[in-house]
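The next block is protein33.txt, given as compact mmCIF, C-alpha atoms and all ligand atoms.
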# COMPACT_ATOMS: atom_id res chain seq x y z
CA MET A 1073 105.37 94.66 120.85
CA PRO A 1074 102.83 92.68 122.91
CA PRO A 1075 99.21 92.49 121.78
CA ILE A 1076 97.20 95.45 122.94
CA MET A 1077 94.55 94.17 125.28
CA ASN A 1078 91.33 95.70 126.56
CA GLN A 1079 91.18 98.17 123.75
CA ARG A 1080 88.57 100.89 123.98
CA PRO A 1081 87.55 103.64 121.59
CA ILE A 1082 89.61 106.79 121.42
CA ASP A 1083 87.97 109.76 123.08
CA ARG A 1084 89.59 112.53 121.09
CA ARG A 1085 88.27 115.24 123.39
CA LYS A 1086 89.92 113.48 126.29
CA MET A 1087 93.13 113.19 124.27
CA LEU A 1088 93.08 116.91 123.68
CA ARG A 1089 92.67 117.46 127.39
CA THR A 1090 95.42 115.08 128.41
CA GLY A 1091 97.94 115.91 125.69
CA VAL A 1092 100.23 118.91 125.70
CA LEU A 1093 99.89 121.66 123.13
CA LEU A 1094 103.12 123.66 122.87
CA GLY A 1095 103.69 126.93 121.06
CA ALA A 1096 103.52 127.23 117.26
CA GLY A 1097 100.95 124.43 117.22
CA THR A 1098 103.44 121.70 118.10
CA TRP A 1099 101.48 118.79 119.45
CA VAL A 1100 103.06 116.49 122.02
CA ALA A 1101 100.95 113.44 122.64
CA PRO A 1102 100.39 112.06 126.12
CA SER A 1103 102.71 109.18 126.87
CA ILE A 1104 99.96 106.56 126.85
CA VAL A 1105 97.06 106.77 124.44
CA PRO A 1106 94.56 103.92 124.20
CA ILE A 1107 94.44 102.64 120.64
CA ASP A 1108 91.28 101.21 119.25
CA ILE A 1109 91.78 99.27 116.06
CA VAL A 1110 88.89 100.81 114.19
CA SER A 1111 89.26 104.28 115.63
CA ALA A 1112 92.97 104.33 114.87
CA ALA A 1113 92.12 103.63 111.26
CA ALA A 1114 89.61 106.46 111.25
CA ALA A 1115 92.11 109.09 112.40
CA SER A 1116 92.70 112.14 110.28
CA GLY A 1117 94.48 111.71 106.98
CA THR A 1118 94.23 109.11 104.28
CA THR A 1119 93.07 105.63 105.24
CA TYR A 1120 93.37 102.54 103.10
CA SER A 1121 90.90 99.79 104.03
CA PHE A 1122 91.02 97.74 100.78
CA ASP A 1123 87.34 96.78 101.10
CA THR A 1124 85.76 97.51 97.71
CA PRO A 1125 87.89 95.26 97.22
CA SER A 1126 90.80 97.22 95.81
CA THR A 1127 94.46 97.79 96.49
CA GLU A 1128 93.50 101.51 96.42
CA GLY A 1129 96.67 102.50 94.59
CA TRP A 1130 99.06 100.28 96.51
CA VAL A 1131 101.14 98.25 94.05
CA ILE A 1132 101.81 94.55 94.65
CA ASP A 1133 105.12 93.23 93.29
CA ASN A 1134 105.55 89.53 93.93
CA THR A 1135 108.81 89.46 91.95
CA ALA A 1136 110.58 91.82 94.34
CA GLY A 1137 113.25 90.92 96.83
CA PRO A 1138 115.87 88.20 97.02
CA SER A 1139 113.58 85.37 95.86
CA GLY A 1140 110.40 86.69 94.26
CA GLY A 1141 107.55 84.21 93.90
CA GLY A 1142 105.76 86.21 96.57
CA LEU A 1143 102.20 85.77 97.79
CA TRP A 1144 100.94 89.29 98.46
CA LYS A 1145 97.26 89.63 97.49
CA LEU A 1146 93.95 91.07 98.53
CA ASP A 1147 92.20 88.56 100.77
CA ASN A 1148 89.02 88.41 102.81
CA SER A 1149 90.08 85.85 105.41
CA ARG A 1150 90.98 88.35 108.09
CA SER A 1151 90.51 92.09 108.36
CA THR A 1152 89.87 94.90 110.81
CA SER A 1153 87.49 96.62 108.38
CA ALA A 1154 85.16 94.29 106.51
CA SER A 1155 86.18 92.43 104.75
CA TYR A 1156 89.46 92.71 102.83
CA SER A 1157 93.08 93.25 103.79
CA LEU A 1158 96.52 92.93 102.25
CA HIS A 1159 97.71 89.38 102.84
CA TYR A 1160 100.94 87.45 102.33
CA GLY A 1161 99.91 83.81 102.22
CA ASN A 1162 97.00 81.72 101.04
CA GLY A 1163 94.17 82.58 103.39
CA SER A 1164 93.23 81.31 106.81
CA SER A 1165 93.28 77.66 105.78
CA GLY A 1166 96.56 77.92 103.88
CA SER A 1167 100.15 78.82 104.45
CA TYR A 1168 102.95 80.72 102.74
CA ARG A 1169 104.89 77.55 102.03
CA THR A 1170 105.96 77.49 98.38
CA GLY A 1171 107.41 74.02 98.07
CA ASN A 1172 110.96 74.07 99.37
CA SER A 1173 111.66 77.50 97.93
CA ALA A 1174 112.03 80.85 99.62
CA SER A 1175 109.68 83.63 98.54
CA SER A 1176 109.53 87.40 98.83
CA GLY A 1177 107.48 90.33 97.62
CA THR A 1178 106.46 93.90 98.29
CA VAL A 1179 103.45 96.18 98.41
CA THR A 1180 104.19 99.85 97.76
CA SER A 1181 101.98 102.77 98.72
CA PRO A 1182 100.99 105.65 96.48
CA SER A 1183 103.41 108.54 96.86
CA PHE A 1184 102.41 111.17 99.37
CA SER A 1185 103.86 114.33 100.82
CA VAL A 1186 104.68 114.42 104.51
CA ALA A 1187 103.37 117.81 105.56
CA ASP A 1188 104.49 119.88 108.51
CA THR A 1189 101.00 119.62 109.95
CA GLY A 1190 99.25 116.29 110.01
CA ASP A 1191 100.37 113.27 108.03
CA GLN A 1192 103.34 112.72 110.27
CA SER A 1193 102.59 109.19 111.29
CA MET A 1194 101.68 105.88 109.73
CA MET A 1195 99.23 103.65 111.54
CA PHE A 1196 98.23 100.16 110.55
CA ASN A 1197 96.79 96.98 111.96
CA ILE A 1198 98.74 93.77 111.54
CA TRP A 1199 98.09 90.09 112.19
CA ARG A 1200 101.03 87.75 111.78
CA GLU A 1201 101.61 84.01 112.09
CA VAL A 1202 105.21 83.12 111.22
CA GLU A 1203 107.79 80.65 112.44
CA PRO A 1204 108.73 80.86 116.10
CA GLY A 1205 112.11 82.19 117.09
CA ASP A 1206 113.51 78.97 118.47
CA ARG A 1207 116.18 78.16 115.93
CA GLY A 1208 119.15 80.24 116.88
CA GLY A 1209 117.60 83.65 116.49
CA PHE A 1210 118.16 84.02 112.77
CA PRO A 1211 115.70 86.56 111.26
CA TYR A 1212 113.69 84.29 108.99
CA ASP A 1213 110.23 85.32 107.80
CA ALA A 1214 110.89 89.04 108.02
CA PHE A 1215 108.09 91.59 107.66
CA THR A 1216 109.42 95.10 107.12
CA VAL A 1217 108.02 98.60 106.62
CA SER A 1218 110.44 100.85 104.75
CA VAL A 1219 110.69 104.17 102.94
CA GLN A 1220 111.26 103.50 99.25
CA GLN A 1221 113.30 106.61 98.52
CA THR A 1222 115.84 106.13 101.33
CA GLY A 1223 115.63 102.45 102.21
CA ASP A 1224 115.09 103.46 105.82
CA VAL A 1225 113.59 100.59 107.77
CA LEU A 1226 110.82 101.91 110.01
CA TYR A 1227 109.63 98.62 111.44
CA THR A 1228 110.64 94.98 111.19
CA ARG A 1229 109.60 91.76 112.86
CA ALA A 1230 111.02 88.30 112.14
CA ALA A 1231 110.87 84.75 113.47
CA ASP A 1232 108.95 85.57 116.63
CA GLY A 1233 105.88 83.41 116.07
CA GLY A 1234 103.68 86.40 115.25
CA THR A 1235 100.93 88.21 117.10
CA SER A 1236 99.41 85.26 118.98
CA GLY A 1237 96.16 85.23 117.07
CA ALA A 1238 95.42 88.90 117.74
CA TRP A 1239 95.66 92.07 115.70
CA GLU A 1240 98.22 94.65 116.72
CA ALA A 1241 97.89 98.38 116.07
CA VAL A 1242 101.23 99.88 115.09
CA THR A 1243 102.14 103.56 114.81
CA LEU A 1244 105.32 104.69 113.08
CA ASP A 1245 106.80 108.18 113.24
CA LEU A 1246 107.23 109.86 109.84
CA SER A 1247 108.28 113.25 111.15
CA ALA A 1248 111.83 112.67 109.84
CA TYR A 1249 110.34 112.98 106.34
CA ILE A 1250 108.50 116.29 106.72
CA GLY A 1251 108.81 118.15 103.44
CA SER A 1252 109.52 114.99 101.44
CA THR A 1253 107.37 113.01 99.07
CA ILE A 1254 107.75 109.33 99.86
CA ASN A 1255 106.34 105.89 99.20
CA ILE A 1256 106.02 103.29 101.94
CA VAL A 1257 107.03 99.71 101.14
CA LEU A 1258 105.68 96.66 102.97
CA SER A 1259 107.90 93.64 102.38
CA PHE A 1260 107.93 90.02 103.42
CA ASP A 1261 110.82 87.63 102.90
CA THR A 1262 110.80 84.00 104.05
CA VAL A 1263 114.63 84.01 103.60
CA ASP A 1264 114.63 80.24 103.08
CA GLY A 1265 112.32 77.44 101.99
CA VAL A 1266 111.61 75.61 105.24
CA ARG A 1267 109.33 76.27 108.20
CA ASN A 1268 106.97 78.27 106.02
CA HIS A 1269 103.86 76.29 107.00
CA TYR A 1270 102.29 79.28 108.74
CA GLU A 1271 99.36 81.49 107.81
CA GLY A 1272 101.40 84.61 107.14
CA ILE A 1273 100.75 88.32 107.29
CA TYR A 1274 97.62 90.47 107.12
CA VAL A 1275 97.76 94.28 107.07
CA ASP A 1276 94.62 96.40 107.15
CA ASP A 1277 93.46 99.98 107.68
CA ILE A 1278 96.71 101.72 106.88
CA CYS A 1279 96.39 105.37 107.80
CA PHE A 1280 98.71 108.28 107.27
CA GLY A 1281 97.61 110.85 109.76
CA ARG A 1282 98.38 113.15 112.57
CA SER A 1283 100.92 111.82 115.02
CA VAL A 1284 98.90 111.09 118.12
CA ASN A 1285 100.76 108.08 119.43
CA PRO A 1286 104.37 107.45 120.38
CA PRO A 1287 106.46 105.71 117.71
CA ALA A 1288 106.41 101.94 117.93
CA ALA A 1289 109.39 100.15 119.38
CA GLY A 1290 111.85 99.44 116.64
CA ALA A 1291 111.06 102.53 114.61
CA ALA A 1292 114.32 104.01 113.40
CA PRO A 1293 113.88 106.74 110.79
CA GLY A 1294 117.15 107.88 109.32
CA ALA A 1295 118.85 104.50 109.24
CA ALA A 1296 121.14 104.01 106.27
CA PRO A 1297 119.70 102.17 103.28
CA SER A 1298 120.83 98.58 103.13
CA ALA A 1299 122.47 96.94 100.14
CA ASN A 1300 119.17 95.20 99.46
CA GLY A 1301 117.13 98.39 99.51
CA TYR A 1302 113.95 97.82 101.46
CA PHE A 1303 114.89 94.20 102.19
CA PRO A 1304 117.26 94.46 105.15
CA THR A 1305 120.64 92.82 104.74
CA GLN A 1306 120.63 89.44 106.43
CA PRO A 1307 123.62 88.32 108.46
CA GLU A 1308 125.39 85.11 107.52
CA PRO A 1309 123.95 82.22 109.55
CA THR A 1310 126.28 80.52 111.98
CA GLN A 1311 127.24 76.85 111.63
CA GLU A 1312 124.90 76.01 114.49
CA GLN A 1313 122.04 77.83 112.77
CA LEU A 1314 122.75 76.00 109.53
CA ALA A 1315 122.79 72.65 111.34
CA LEU A 1316 119.47 73.41 113.01
CA ARG A 1317 118.09 74.46 109.65
CA ALA A 1318 119.04 71.13 108.10
CA LEU A 1319 116.90 69.45 110.76
CA ASP A 1320 114.11 71.94 110.06
CA GLY A 1321 114.02 70.85 106.44
CA PHE A 1322 112.48 67.61 107.64
CA GLU A 1323 110.62 68.94 110.61
CA GLY A 1324 109.06 71.71 108.58
CA ASP A 1325 106.87 69.29 106.70
CA TYR A 1326 105.82 67.31 109.74
CA PRO A 1327 105.73 69.77 112.63
CA GLU A 1328 102.89 67.95 114.33
CA TYR A 1329 104.93 64.77 114.73
CA ILE A 1330 108.34 66.05 115.70
CA GLU A 1331 109.29 68.30 118.55
CA LEU A 1332 112.97 69.11 118.82
CA PRO A 1333 114.33 70.38 122.13
CA PRO A 1334 115.08 74.08 122.25
CA VAL A 1335 118.52 75.37 121.35
CA GLY A 1336 120.89 74.89 124.25
CA GLU A 1337 119.33 71.65 125.43
CA LYS A 1338 120.33 69.51 122.49
CA THR A 1339 123.62 68.36 123.98
CA GLU A 1340 122.35 67.85 127.50
CA GLY A 1341 121.53 64.49 129.03
CA CA B 1401 89.78 96.11 105.31
Please express the file's structure as structure tokens.
Amino acid sequence: MPPIMNQRPIDRRKMLRTGVLLGAGTWVAPSIVPIDIVSAAAASGTTYSFDTPSTEGWVIDNTAGPSGGGLWKLDNSRSTSASYSLHYGNGSSGSYRTGNSASSGTVTSPSFSVADTGDQSMMFNIWREVEPGDRGGFPYDAFTVSVQQTGDVLYTRAADGGTSGAWEAVTLDLSAYIGSTINIVLSFDTVDGVRNHYEGIYVDDICFGRSVNPPAAGAAPGAAPSANGYFPTQPEPTQEQLALRALDGFEGDYPEYIELPPVGEKTEG
């Protein structure tokens, strides 16, 4: 999902005019709705801004996942509502490198009921800086949003470099869970212990509210739970990926001095 540029405040009256209201109160949103970071967070429903500062009922578990030793915390380095957010890392001057070890952890929402009116979507703002996807496409440094009760993965991003210094507003469709009481799980997993010298993840202004925006790309409610629960099952790396990773073990500590050619060019010339 590319960064959303030229954001402007939501005019809800205009949305009502341009959307489609079907019978029985079924709301179908217009295909394109401008999303303003602050306004999205102020939509109807429950919003978590973490600013008192408090996790506001969200539960951090830095022992969860394949590795544990996670770095989820409240942090005031970056936010879309002043001045705290949920953060995986060590602030804007740090990184999520934990020696040469992998790390993982989760943050789990309070339970809530997905009603048949309202509360059918999850909106949040996210800022990510993770390793770039130039090492064979293996999904290192995976951020995932899942449903605890089913293991359904609603959203995942890995090894793509992040959000290019900008915040992204993400909307996920929860209508598959109408009538259910669920908890949402945010997880981050470095998968391995190299190339973790990046700032990490910030999530702020999580809102469960009326579905006014199309589901984000990658949303897939109803997917089967993986063997790892809300940590998606990772494929086995190929021999080429493992070889590149062995090089990364050195490069990861000295990225400013070493630039390896991209995959596919290594054997040329
Ligand atoms: Ca905040």
### Query
In Å, how far is it from atom CA of Gly1171 of chain A to atom CA of Ser1151 of chain A?
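Going from atom CA of Gly1171 of chain A over to atom CA of Ser1151 of chain A covers 26.8 Å.
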Please report as a tab-separated table every residue of chain A lying within 8 Å of ligand CA 1401 (chain B), along with the nearest atom pair and their distance in Å (one decimal), using only C-alpha atoms and all ligand atoms.
residue	atom	partner	partner_atom	distance
A:Tyr1120	CA	B:CA1401	CA	7.7
A:Ser1121	CA	B:CA1401	CA	4.1
A:Phe1122	CA	B:CA1401	CA	5.0
A:Asp1123	CA	B:CA1401	CA	4.9
A:Ser1151	CA	B:CA1401	CA	5.1
A:Thr1152	CA	B:CA1401	CA	5.6
A:Ser1153	CA	B:CA1401	CA	3.9
A:Ala1154	CA	B:CA1401	CA	5.1
A:Ser1155	CA	B:CA1401	CA	5.2
A:Tyr1156	CA	B:CA1401	CA	4.2
A:Ser1157	CA	B:CA1401	CA	4.6
A:Asp1276	CA	B:CA1401	CA	5.2
A:Asp1277	CA	B:CA1401	CA	5.8
Near-Ser1183 of chain A list (12 Å; all atoms listed in the file; drop same-chain fewer than 6 positions) as a PyMOL selection string:
chain A and resi 1118+1129-1131+1219-1221+1252-1257+1280
Listing only residues of segment 1200-1251 of chain A within 12 Å of segment 1158-1170 of chain A, what is the closest atom pair and its distance in Å (to one decimal) for each, using all atoms listed in the file, sorted by chain and residue number ascending, as CSV?
residue,atom,partner,partner_atom,distance
A:Arg1200,CA,A:Tyr1160,CA,9.5
A:Glu1201,CA,A:Ser1167,CA,9.4
A:Val1202,CA,A:Tyr1168,CA,9.1
A:Glu1203,CA,A:Tyr1168,CA,10.8
A:Asp1213,CA,A:Tyr1168,CA,10.0
A:Ala1214,CA,A:Tyr1160,CA,11.6
A:Phe1215,CA,A:Tyr1160,CA,9.8
A:Gly1237,CA,A:Ser1164,CA,11.4
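Nearest-residue note for Ala1136 of chain A: choosing from A:Val1266, A:Val1242, A:Leu1258, A:Val1225, the minimum distance belongs to A:Leu1258, counting only C-alpha atoms.
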**Asked** Excluding same-chain residues fewer than 5 positions from Ile1250 of chain A, what lies within 8 Å of it counting only C-alpha atoms, as a list of chain:residue names?
**Response** A:Ser1185, A:Val1186, A:Ala1187, A:Asp1188, A:Gln1192
Taking 2 positions as the minimum chain separation for residues in the same chain, which residues sit within 12 Å of Ser1139 of chain A when counting all atoms listed in the file? Answer as a compact mmCIF listing (two decimals) with C-alpha atoms, in the frame of the given file.
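Generated file (result14.txt):
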# COMPACT_ATOMS: atom_id res chain seq x y z
CA ASP A 1133 105.12 93.23 93.29
CA ASN A 1134 105.55 89.53 93.93
CA THR A 1135 108.81 89.46 91.95
CA ALA A 1136 110.58 91.82 94.34
CA GLY A 1137 113.25 90.92 96.83
CA GLY A 1141 107.55 84.21 93.90
CA GLY A 1142 105.76 86.21 96.57
CA LEU A 1143 102.20 85.77 97.79
CA THR A 1170 105.96 77.49 98.38
CA SER A 1173 111.66 77.50 97.93
CA ALA A 1174 112.03 80.85 99.62
CA SER A 1175 109.68 83.63 98.54
CA SER A 1176 109.53 87.40 98.83
CA GLY A 1177 107.48 90.33 97.62
CA THR A 1178 106.46 93.90 98.29
CA SER A 1259 107.90 93.64 102.38
CA PHE A 1260 107.93 90.02 103.42
CA ASP A 1261 110.82 87.63 102.90
CA THR A 1262 110.80 84.00 104.05
CA VAL A 1263 114.63 84.01 103.60
CA ASP A 1264 114.63 80.24 103.08
CA GLY A 1265 112.32 77.44 101.99
CA ASN A 1300 119.17 95.20 99.46
CA PHE A 1303 114.89 94.20 102.19
Point out the residue among A:Ala1230, A:Ile1273, A:Ile1198, A:Leu1316 with the least atom-to-atom distance to Pro1211 of chain A, counting all atoms listed in the file.
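Closest residue, counting all atoms listed in the file: A:Ala1230.
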**OP:** Mind listing whatever residues come within 9 Å of the point (103.3, 102.6, 110.2)? Use all atoms listed in the file, file coordinates, and give them as an NGL selection string.
**Re:** :A and (1193-1197 or 1217 or 1226-1227 or 1242-1246 or 1256 or 1278-1280 or 1287-1288 or 1291)
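Reported to one decimal place, the separation of atom CA of Thr1119 of chain A from atom CA of Gly1251 of chain A is 20.2 Å.
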Correct to one decimal, the distance atom CA of Asn1148 of chain A-atom CA of Ser1181 of chain A is 19.8 Å
With distances taken over all atoms listed in the file, the candidate from A:Thr1127, A:Trp1144, A:Gly1272, A:Gly1281 nearest Phe1184 of chain A is A:Gly1281
